[in-house]
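Engineer: What follows is start.cif; its format and atoms are mmCIF, C-alpha atoms.
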```
data_upload
#
loop_
_atom_site.label_atom_id
_atom_site.label_comp_id
_atom_site.auth_asym_id
_atom_site.auth_seq_id
_atom_site.Cartn_x
_atom_site.Cartn_y
_atom_site.Cartn_z
CA MET A 102 -4.70 -9.49 -8.35
CA HIS A 103 -3.68 -8.95 -4.72
CA GLU A 104 -2.11 -12.33 -4.00
CA LEU A 105 0.86 -10.80 -2.21
CA SER A 106 -1.27 -9.01 0.37
CA LEU A 107 -3.36 -12.15 0.89
CA ALA A 108 -0.17 -14.18 1.40
CA GLN A 109 0.93 -11.57 3.94
CA SER A 110 -2.36 -11.85 5.81
CA LEU A 111 -1.93 -15.64 5.87
CA LEU A 112 1.53 -15.25 7.39
CA ASP A 113 0.20 -12.80 10.00
CA GLN A 114 -2.44 -15.34 10.92
CA LEU A 115 0.19 -18.08 11.21
CA VAL A 116 2.26 -15.99 13.61
CA THR A 117 -0.78 -15.42 15.80
CA LEU A 118 -1.69 -19.12 15.76
CA ALA A 119 1.87 -20.22 16.55
CA ARG A 120 1.95 -17.87 19.55
CA GLU A 121 -1.39 -19.15 20.79
CA HIS A 122 -0.10 -22.72 20.65
CA GLN A 123 3.42 -21.88 21.85
CA ALA A 124 4.97 -23.38 18.74
CA GLU A 125 8.39 -22.45 17.42
CA HIS A 126 7.98 -23.45 13.80
CA VAL A 127 5.12 -23.72 11.39
CA THR A 128 5.82 -26.77 9.25
CA ARG A 129 2.84 -27.22 6.96
CA ILE A 130 -0.24 -25.20 6.01
CA SER A 131 -3.14 -26.24 3.85
CA VAL A 132 -5.21 -23.66 2.01
CA THR A 133 -8.16 -24.02 -0.35
CA ILE A 134 -8.41 -21.58 -3.26
CA GLY A 135 -11.83 -21.72 -4.93
CA PRO A 136 -11.88 -21.82 -8.74
CA PHE A 137 -13.89 -18.58 -8.97
CA SER A 138 -12.11 -16.75 -6.14
CA GLY A 139 -10.13 -14.64 -8.60
CA ILE A 140 -6.94 -15.65 -6.79
CA VAL A 141 -4.13 -17.03 -8.91
CA ARG A 142 -2.56 -20.04 -7.25
CA ASP A 143 0.95 -19.55 -8.69
CA SER A 144 1.12 -15.90 -7.63
CA PHE A 145 -0.18 -16.74 -4.17
CA GLU A 146 2.45 -19.48 -3.72
CA PHE A 147 5.15 -17.24 -5.13
CA GLY A 148 4.23 -14.43 -2.71
CA PHE A 149 4.01 -16.79 0.25
CA ASN A 150 7.40 -18.37 -0.43
CA ILE A 151 9.11 -14.98 -0.62
CA LEU A 152 7.43 -13.54 2.47
CA LYS A 153 7.82 -16.63 4.68
CA ASP A 154 11.62 -16.13 4.82
CA ALA A 155 11.14 -12.89 6.73
CA GLN A 156 10.84 -14.72 10.03
CA PRO A 157 12.29 -17.92 11.53
CA LEU A 158 8.83 -19.01 12.65
CA THR A 159 7.56 -19.49 9.11
CA LYS A 160 10.68 -19.92 6.96
CA ASP A 161 10.38 -23.73 6.76
CA ALA A 162 6.63 -23.76 6.25
CA VAL A 163 5.39 -25.81 3.33
CA LEU A 164 2.27 -24.45 1.67
CA VAL A 165 -0.14 -27.03 0.29
CA VAL A 166 -2.82 -25.53 -1.93
CA GLU A 167 -5.98 -27.37 -2.79
CA THR A 168 -7.87 -26.16 -5.84
CA PRO A 169 -11.26 -27.80 -6.24
CA ASP A 170 -12.54 -28.08 -9.81
CA PRO A 171 -15.18 -25.56 -10.87
CA VAL A 172 -18.82 -26.54 -10.53
CA TYR A 173 -21.56 -25.22 -12.83
CA THR A 174 -25.32 -25.32 -12.89
CA CYS A 175 -26.83 -25.63 -16.36
CA LEU A 176 -29.51 -22.96 -16.81
CA ASP A 177 -31.29 -25.13 -19.41
CA CYS A 178 -31.54 -28.53 -17.72
CA ASN A 179 -30.68 -27.50 -14.12
CA LYS A 180 -28.13 -30.30 -13.72
CA VAL A 181 -24.91 -29.65 -11.87
CA SER A 182 -21.58 -30.66 -13.35
CA VAL A 183 -17.88 -30.41 -12.58
CA ILE A 184 -15.91 -29.16 -15.58
CA PRO A 185 -12.17 -28.67 -14.96
CA PHE A 186 -10.48 -25.56 -16.34
CA VAL A 187 -8.29 -26.03 -19.37
CA GLN A 188 -4.75 -25.41 -18.17
CA PRO A 189 -2.51 -23.10 -20.20
CA GLY A 190 -0.68 -25.11 -22.85
CA GLU A 191 -2.97 -28.10 -22.51
CA ALA A 192 -4.07 -29.35 -25.90
CA THR A 193 -7.71 -30.33 -25.81
CA GLU A 194 -10.54 -30.42 -28.24
CA MET A 195 -11.81 -27.27 -26.59
CA ASN A 196 -8.86 -24.96 -27.15
CA LEU A 197 -7.73 -26.47 -30.46
CA GLY A 198 -11.16 -25.93 -31.90
CA GLY A 199 -10.89 -22.15 -31.52
CA GLY A 200 -12.05 -22.02 -27.91
CA TYR A 201 -15.76 -22.59 -28.32
CA PRO A 202 -17.62 -22.33 -25.05
CA LYS A 203 -17.87 -25.29 -22.72
CA LYS A 204 -21.10 -27.22 -22.80
CA CYS A 205 -23.32 -28.95 -20.30
CA PRO A 206 -22.40 -32.66 -20.45
CA TRP A 207 -26.08 -33.56 -19.91
CA CYS A 208 -27.92 -31.45 -22.48
CA CYS A 209 -25.09 -29.93 -24.59
CA GLN A 210 -26.31 -26.36 -24.08
CA ASN A 211 -23.74 -23.73 -23.14
CA ARG A 212 -25.55 -21.68 -20.50
CA LEU A 213 -23.39 -22.85 -17.61
CA SER A 214 -23.65 -20.72 -14.51
CA PRO A 215 -20.74 -20.88 -12.01
CA LYS A 216 -21.75 -22.32 -8.65
CA GLY A 217 -19.92 -21.35 -5.43
CA GLY A 218 -16.15 -21.59 -5.63
CA THR A 219 -15.30 -18.08 -4.40
CA GLU A 220 -13.65 -19.26 -1.18
CA LEU A 221 -10.14 -18.72 0.13
CA ILE A 222 -9.81 -20.83 3.24
CA LEU A 223 -7.04 -21.64 5.67
CA ASN A 224 -7.83 -25.26 6.52
CA GLN A 225 -5.11 -26.64 8.69
CA VAL A 226 -1.80 -25.66 10.24
CA GLU A 227 0.89 -28.03 11.47
CA MET A 228 3.46 -26.65 13.89
CA GLU A 229 6.05 -27.81 16.39
CA MET B 48 1.62 -40.71 6.93
CA CYS B 49 4.17 -39.42 9.39
CA ASP B 50 6.65 -37.12 7.60
CA THR B 51 9.40 -37.62 10.14
CA CYS B 52 9.82 -41.41 10.03
CA GLY B 53 7.51 -42.45 7.21
CA CYS B 54 5.34 -44.66 9.39
CA GLN B 55 1.68 -45.23 8.64
CA LEU B 56 0.52 -44.98 12.25
CA HIS B 57 0.34 -42.01 14.48
CA GLU B 58 -0.12 -43.77 17.81
CA HIS B 59 3.17 -45.60 18.21
CA HIS B 60 5.40 -42.61 18.80
CA GLN B 61 5.15 -38.91 19.34
CA HIS B 62 6.64 -35.90 17.65
CA ASP B 63 5.94 -32.53 19.06
CA THR B 64 3.84 -31.65 16.07
CA LYS B 65 0.51 -30.01 16.63
CA VAL B 66 -2.14 -29.95 13.99
CA VAL B 67 -4.60 -27.10 14.30
CA GLU B 68 -7.81 -27.13 12.29
CA VAL B 69 -8.54 -23.54 11.39
CA ASN B 70 -11.11 -23.64 8.56
CA LYS B 71 -11.44 -19.88 8.35
CA SER B 72 -11.54 -17.58 5.39
CA LEU B 73 -8.36 -15.60 4.80
CA LEU B 74 -10.62 -12.67 4.08
CA GLU B 75 -12.21 -12.91 7.49
CA ALA B 76 -10.70 -9.67 8.78
CA ASN B 77 -12.29 -7.78 5.87
CA GLN B 78 -15.60 -9.60 6.30
CA LYS B 79 -15.79 -8.70 10.00
CA GLN B 80 -15.09 -5.05 9.27
CA ALA B 81 -17.66 -5.09 6.44
CA HIS B 82 -20.25 -6.47 8.81
CA SER B 83 -19.56 -3.70 11.29
CA ASN B 84 -19.63 -1.07 8.48
CA ARG B 85 -23.09 -2.31 7.48
CA HIS B 86 -24.23 -1.92 11.05
CA HIS B 87 -22.71 1.57 11.24
CA ILE B 88 -24.42 2.63 8.00
CA GLU B 89 -27.78 1.38 9.27
CA LYS B 90 -27.27 3.27 12.53
CA MET B 91 -26.82 6.41 10.43
CA GLY B 92 -30.24 5.60 8.98
CA ALA B 93 -28.89 4.78 5.54
CA LEU B 94 -28.45 2.06 2.96
CA ALA B 95 -25.21 1.88 0.96
CA ILE B 96 -24.43 1.08 -2.65
CA ASN B 97 -21.02 -0.11 -3.79
CA MET B 98 -20.45 1.01 -7.39
CA ILE B 99 -17.96 -1.04 -9.38
CA SER B 100 -16.85 -0.65 -12.98
CA SER B 101 -13.88 -0.08 -15.28
CA PRO B 102 -12.26 3.35 -15.20
CA GLY B 103 -14.18 5.80 -17.35
CA SER B 104 -17.47 3.96 -17.55
CA GLY B 105 -19.35 6.91 -16.07
CA LYS B 106 -19.71 6.26 -12.34
CA THR B 107 -19.19 9.87 -11.26
CA THR B 108 -21.38 11.30 -14.03
CA LEU B 109 -24.12 8.84 -13.08
CA LEU B 110 -23.81 10.02 -9.47
CA GLU B 111 -23.99 13.69 -10.45
CA ARG B 112 -27.20 13.13 -12.34
CA THR B 113 -28.63 10.86 -9.61
CA ILE B 114 -27.93 13.56 -7.02
CA GLU B 115 -29.76 16.13 -9.16
CA ALA B 116 -32.78 13.83 -9.33
CA LEU B 117 -32.89 12.89 -5.66
CA LYS B 118 -31.25 15.54 -3.52
CA ASP B 119 -34.45 17.34 -2.56
CA THR B 120 -36.03 14.21 -1.11
CA VAL B 121 -33.14 11.93 -0.16
CA LYS B 122 -30.17 12.72 2.09
CA ILE B 123 -27.17 11.49 0.12
CA GLY B 124 -23.55 11.00 1.13
CA VAL B 125 -20.73 9.84 -1.11
CA ILE B 126 -17.45 8.02 -0.49
CA GLU B 127 -15.13 8.25 -3.48
CA GLY B 128 -12.31 5.77 -4.04
CA ASP B 129 -9.41 6.59 -6.32
CA ILE B 130 -5.72 5.92 -6.43
CA GLU B 131 -4.96 9.63 -6.53
CA THR B 132 -6.64 13.12 -6.54
CA GLU B 133 -9.75 14.66 -4.97
CA ARG B 134 -11.29 15.35 -8.36
CA ASP B 135 -14.27 13.04 -8.07
CA ALA B 136 -15.14 14.23 -4.56
CA ASP B 137 -14.90 17.84 -5.77
CA ARG B 138 -17.41 17.08 -8.54
CA ILE B 139 -19.84 15.68 -5.96
CA ARG B 140 -19.29 18.57 -3.51
CA ALA B 141 -20.07 20.98 -6.35
CA LYS B 142 -23.58 19.48 -6.24
CA GLY B 143 -23.87 20.40 -2.56
CA ILE B 144 -23.47 16.84 -1.29
CA PRO B 145 -20.96 15.75 1.38
CA ALA B 146 -18.23 13.64 -0.15
CA VAL B 147 -15.18 11.92 1.31
CA GLN B 148 -12.30 11.11 -0.98
CA LEU B 149 -10.36 7.95 -0.15
CA THR B 150 -7.08 7.92 -2.03
CA THR B 151 -5.63 4.44 -1.91
CA GLY B 152 -2.15 5.54 -3.00
CA GLY B 153 -1.84 2.63 -5.40
CA ALA B 154 -4.21 -0.03 -4.15
CA CYS B 155 -6.52 -1.21 -6.91
CA HIS B 156 -9.68 -1.55 -4.78
CA LEU B 157 -11.33 -0.29 -1.62
CA ASP B 158 -11.51 -2.60 1.36
CA ALA B 159 -13.73 -2.54 4.42
CA PRO B 160 -11.21 -0.88 6.80
CA MET B 161 -10.75 2.04 4.35
CA VAL B 162 -14.50 2.51 4.11
CA HIS B 163 -14.73 2.40 7.91
CA GLY B 164 -12.50 5.48 8.05
CA GLY B 165 -14.55 7.17 5.33
CA LEU B 166 -17.82 6.56 7.17
CA HIS B 167 -16.55 8.33 10.27
CA VAL B 168 -15.62 11.41 8.24
CA LEU B 169 -18.96 11.32 6.44
CA GLU B 170 -20.78 11.07 9.75
CA HIS B 171 -19.03 14.24 10.87
CA PHE B 172 -20.45 16.03 7.79
CA ALA B 173 -23.96 14.81 8.58
CA LYS B 174 -24.02 16.93 11.76
CA GLY B 175 -26.19 14.40 13.53
CA GLU B 176 -28.85 14.36 10.81
CA GLY B 177 -27.78 11.04 9.31
CA PHE B 178 -28.20 9.90 5.71
CA ASP B 179 -30.71 7.95 3.65
CA LEU B 180 -28.40 6.75 0.93
CA ILE B 181 -24.62 6.39 0.78
CA PHE B 182 -22.85 5.76 -2.50
CA ILE B 183 -19.40 4.20 -2.35
CA GLU B 184 -17.70 4.70 -5.69
CA ASN B 185 -15.01 2.05 -5.88
CA VAL B 186 -11.65 2.40 -7.65
CA GLY B 187 -12.20 1.91 -11.38
CA ASN B 188 -11.31 -1.77 -11.87
CA LEU B 189 -13.35 -4.77 -12.99
CA VAL B 190 -11.19 -7.32 -11.18
CA CYS B 191 -10.09 -6.70 -7.59
CA PRO B 192 -13.03 -4.82 -6.03
CA SER B 193 -15.21 -7.92 -6.48
CA THR B 194 -13.42 -9.77 -3.65
CA PHE B 195 -14.02 -7.13 -0.96
CA ASP B 196 -17.32 -6.64 0.81
CA LEU B 197 -17.35 -3.04 2.00
CA GLY B 198 -20.50 -3.29 4.10
CA GLU B 199 -22.79 -2.26 1.27
CA HIS B 200 -26.43 -3.28 0.92
CA ARG B 201 -26.41 -3.40 -2.88
CA ARG B 202 -23.65 -3.85 -5.40
CA VAL B 203 -24.16 -2.07 -8.70
CA ILE B 204 -21.92 -2.86 -11.67
CA LEU B 205 -21.64 -0.39 -14.57
CA LEU B 206 -20.80 -1.51 -18.08
CA SER B 207 -20.43 1.28 -20.63
CA VAL B 208 -21.13 0.85 -24.33
CA PRO B 209 -17.58 1.72 -25.53
CA GLU B 210 -16.10 -1.08 -23.37
CA GLY B 211 -17.77 -3.83 -25.39
CA SER B 212 -20.47 -6.34 -24.64
CA ASP B 213 -18.02 -9.16 -23.94
CA LYS B 214 -17.01 -7.70 -20.56
CA PRO B 215 -19.34 -9.84 -18.37
CA ALA B 216 -17.89 -13.04 -19.86
CA LYS B 217 -14.33 -11.74 -19.44
CA TYR B 218 -14.74 -10.50 -15.85
CA PRO B 219 -17.10 -13.09 -14.38
CA SER B 220 -16.37 -12.61 -10.69
CA THR B 221 -17.42 -8.97 -10.79
CA PHE B 222 -20.65 -9.55 -12.70
CA ARG B 223 -21.53 -12.58 -10.56
CA GLY B 224 -21.54 -10.35 -7.51
CA ALA B 225 -23.93 -7.77 -9.01
CA ASP B 226 -27.30 -6.90 -7.50
CA LEU B 227 -27.94 -4.63 -10.47
CA VAL B 228 -26.12 -4.08 -13.78
CA LEU B 229 -26.32 -0.69 -15.49
CA ILE B 230 -25.42 -0.46 -19.16
CA THR B 231 -24.27 3.16 -19.39
CA LYS B 232 -23.57 5.58 -22.27
CA MET B 233 -26.46 4.08 -24.25
CA ASP B 234 -26.51 7.27 -26.38
CA LEU B 235 -23.26 6.01 -27.96
CA LEU B 236 -24.79 2.74 -29.15
CA PRO B 237 -24.98 3.78 -32.84
CA HIS B 238 -21.23 4.43 -32.87
CA PHE B 239 -19.98 1.21 -31.29
CA ASP B 240 -20.13 -2.48 -32.02
CA PHE B 241 -21.94 -3.24 -28.75
CA SER B 242 -24.63 -5.90 -28.54
CA VAL B 243 -27.06 -5.27 -25.68
CA GLU B 244 -28.35 -8.80 -26.21
CA GLU B 245 -24.89 -10.33 -25.81
CA ALA B 246 -24.24 -8.33 -22.62
CA GLU B 247 -27.57 -9.46 -21.21
CA ILE B 248 -27.10 -13.14 -22.10
CA GLU B 249 -23.57 -13.21 -20.67
CA THR B 250 -24.65 -11.43 -17.49
CA HIS B 251 -27.66 -13.69 -16.98
CA THR B 252 -25.52 -16.80 -17.50
CA LEU B 253 -23.34 -15.68 -14.60
CA LYS B 254 -26.25 -14.50 -12.46
CA PRO B 255 -29.65 -15.53 -13.85
CA ASP B 256 -31.94 -13.19 -11.91
CA VAL B 257 -29.94 -9.94 -11.86
CA PRO B 258 -31.85 -6.90 -13.16
CA ILE B 259 -30.25 -4.89 -15.98
CA ILE B 260 -31.06 -1.24 -16.76
CA GLU B 261 -29.91 0.52 -19.93
CA LEU B 262 -29.39 4.26 -19.53
CA SER B 263 -27.55 7.37 -20.58
CA SER B 264 -26.48 10.01 -18.07
CA THR B 265 -26.10 12.46 -20.97
CA THR B 266 -29.58 12.21 -22.49
CA GLY B 267 -31.35 10.93 -19.36
CA ASP B 268 -32.87 8.00 -21.27
CA GLY B 269 -33.52 5.06 -18.93
CA PHE B 270 -32.75 7.20 -15.89
CA GLU B 271 -36.25 6.93 -14.51
CA GLN B 272 -35.88 3.17 -14.10
CA TRP B 273 -32.67 3.64 -12.12
CA ILE B 274 -34.24 6.28 -9.88
CA ASP B 275 -37.25 3.98 -9.34
CA TYR B 276 -34.87 1.17 -8.38
CA LEU B 277 -33.28 3.42 -5.74
CA LYS B 278 -36.64 4.62 -4.40
CA GLU B 279 -37.91 1.04 -4.19
CA MET B 280 -34.76 0.00 -2.36
CA LEU B 281 -35.11 2.85 0.16
CA LYS B 282 -38.75 1.95 0.86
CA LYS B 283 -37.84 -1.52 2.17
#
```
As a first step, turn the structure in this file into structure tokens.
Structural biologist:
Amino acid sequence: MHELSLAQSLLDQLVTLAREHQAEHVTRISVTIGPFSGIVRDSFEFGFNILKDAQPLTKDAVLVVETPDPVYTCLDCNKVSVIPFVQPGEATEMNLGGGYPKKCPWCCQNRLSPKGGTELILNQVEME
Amino acid sequence: MCDTCGCQLHEHHQHDTKVVEVNKSLLEANQKQAHSNRHHIEKMGALAINMISSPGSGKTTLLERTIEALKDTVKIGVIEGDIETERDADRIRAKGIPAVQLTTGGACHLDAPMVHGGLHVLEHFAKGEGFDLIFIENVGNLVCPSTFDLGEHRRVILLSVPEGSDKPAKYPSTFRGADLVLITKMDLLPHFDFSVEEAEIETHTLKPDVPIIELSSTTGDGFEQWIDYLKEMLKK
């Protein structure tokens, strides 16, 4: 949705951090994008890699994105489970079978409520 | 592992690399501003509602009718978000209520800094009397507004009958953030393939305890429940 502006705000933050620590180059950044954050990883990386070239401080920065798997609470049995998203093009029972809804692995009901996962966090910055 | 020489240990030599643990949300700037907006709104004596929906689901019409029902007893102010035009604000002003139009010039959502500006203009209209209730009508969009806290006290999501009852399942992040869901344009139900039950099940899967009110701004059916919700909220 607005990955480009979020990538820009990350770069602004990196410039501030580099100044604070008197670093000349940012070399590596790790970011966590939650599965329900609404932020598309590919677009975020694409935006970051275009914008980072704008200044020498960030042009060699390598962006490492962590994407935790989505966690759901079953509204029928209350158990919590981790059910990875089906990636585009991935052939699984789920999307070959006409995309029927995912089920709770404990009780087989389909009332799975998303739990957390809305975060977008800058974890760590390496600079020199 | 050390990227420069490939060693497994960090102690035996030094590069000038610094590792800084940040662990902060990239949305922190917006969150801070939202927090201060909330404080500002409370200082004005008001509570704020952020209204989110698709374009054309009836946010402004709902507001017009809500104003008619409440304006004698509740001091209302409105912040309107749109990409372009003052049309929505003009409709609200025609009801005798102060309205500020925020035109984003292309942005698909309001964010907290924009609302901050709007609040200052609205405060000017209040002439020191303050407000009881401020409606922030977001840009019509079921995707992006969900990420941005504006400093509201309640988030109300509208889903209109012509849009289809599959919308909660298709736009989960918006419906997960709802404090209240309004199913609008209920008078059109006989003409559309809309299942109230499906909309309710999908919404409650995403957020089990969220209240849902069905109403029509045209006929007024269900409106009482919505007005009661607002009055109850203002009492607290």
Engineer: Measuring atom to atom with all atoms listed in the file, identify which of A:Pro185, A:Gly218, A:Gly139, A:Pro169 is nearest to chain B.
Structural biologist: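 Closest candidate: A:Gly139.
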Engineer: Where does chain A meet chain B within 6 Å, residue by residue, with the nearest atom pair and distance in Å to one decimal for each, counting all atoms listed in the file, listed by chain and rising number, as a tab-separated table?
Structural biologist:
```
residue	atom	partner	partner_atom	distance
A:Arg212	CA	B:Thr252	CA	5.7
A:Ser214	CA	B:Leu253	CA	5.1
A:Leu221	CA	B:Ser72	CA	5.6
A:Ile222	CA	B:Ser72	CA	4.3
A:Leu223	CA	B:Asn70	CA	5.4
A:Asn224	CA	B:Asn70	CA	4.2
A:Gln225	CA	B:Glu68	CA	4.5
A:Val226	CA	B:Val67	CA	5.1
A:Glu227	CA	B:Val66	CA	4.4
A:Met228	CA	B:Lys65	CA	5.2
A:Glu229	CA	B:Thr64	CA	4.4
```
Engineer: What's the 10 Å shell around Asp170 of chain A, counting all atoms listed in the file, without same-chain residues fewer than 2 positions away, as a list in words?
Structural biologist: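 Result of the neighbour search: Gly135, Pro136, Phe137, Glu167, Thr168, Val172, Tyr173, Val183, Ile184, Pro185, Phe186 and Gly218 of chain A.
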Engineer: Once you have the residues from the selection above, write them out as an mmCIF file, keeping the file's coordinate frame, restricted to C-alpha atoms.
Structural biologist:
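Produced file out37.cif, reproduced below:
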```cif
data_model
loop_
_atom_site.group_PDB
_atom_site.id
_atom_site.type_symbol
_atom_site.label_atom_id
_atom_site.label_comp_id
_atom_site.auth_asym_id
_atom_site.auth_seq_id
_atom_site.Cartn_x
_atom_site.Cartn_y
_atom_site.Cartn_z
ATOM 1 C CA GLY A 135 -11.830 -21.720 -4.930
ATOM 2 C CA PRO A 136 -11.880 -21.820 -8.740
ATOM 3 C CA PHE A 137 -13.890 -18.580 -8.970
ATOM 4 C CA GLU A 167 -5.980 -27.370 -2.790
ATOM 5 C CA THR A 168 -7.870 -26.160 -5.840
ATOM 6 C CA VAL A 172 -18.820 -26.540 -10.530
ATOM 7 C CA TYR A 173 -21.560 -25.220 -12.830
ATOM 8 C CA VAL A 183 -17.880 -30.410 -12.580
ATOM 9 C CA ILE A 184 -15.910 -29.160 -15.580
ATOM 10 C CA PRO A 185 -12.170 -28.670 -14.960
ATOM 11 C CA PHE A 186 -10.480 -25.560 -16.340
ATOM 12 C CA GLY A 218 -16.150 -21.590 -5.630
#
```
Engineer: Tell me which residues the PyMOL selection byres ((chain B and resi 263) around 6) grabs here, as a PDB file with C-alpha atoms, keeping the file's coordinate frame.
Structural biologist:
```
ATOM      1  CA  THR B 231     -24.270   3.160 -19.390  1.00  0.00           C
ATOM      2  CA  LYS B 232     -23.570   5.580 -22.270  1.00  0.00           C
ATOM      3  CA  MET B 233     -26.460   4.080 -24.250  1.00  0.00           C
ATOM      4  CA  ASP B 234     -26.510   7.270 -26.380  1.00  0.00           C
ATOM      5  CA  LEU B 262     -29.390   4.260 -19.530  1.00  0.00           C
ATOM      6  CA  SER B 264     -26.480  10.010 -18.070  1.00  0.00           C
ATOM      7  CA  THR B 265     -26.100  12.460 -20.970  1.00  0.00           C
ATOM      8  CA  THR B 266     -29.580  12.210 -22.490  1.00  0.00           C
ATOM      9  CA  GLY B 267     -31.350  10.930 -19.360  1.00  0.00           C
ATOM     10  CA  ASP B 268     -32.870   8.000 -21.270  1.00  0.00           C
TER      11      ASP B 268
END
```
Engineer: Which polymer residues, whether protein, DNA or RNA, lie within 12 Å of the coordinate (-2.4, -19.0, -7.8) when you count only C-alpha atoms? List them as a PyMOL selection string, using the chain letters and numbers from the file.
Structural biologist: chain A and resi 102-105+107-108+132-149+164-168+221
Engineer: Between atom CA of Ala159 of chain B and atom CA of Ala216 of chain B, what distance in Å does the model show, to one decimal?
Structural biologist: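 Between atom CA of Ala159 of chain B and atom CA of Ala216 of chain B the gap is 26.8 Å.
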Engineer: Excluding Ala93 of chain B and residues on its chain fewer than 3 positions from it, collect all residues at most 10 Å away from it, counting only C-alpha atoms, and give them as number ranges by chain.
Structural biologist: B: 85-90, 122-124, 177-181, 200, 281
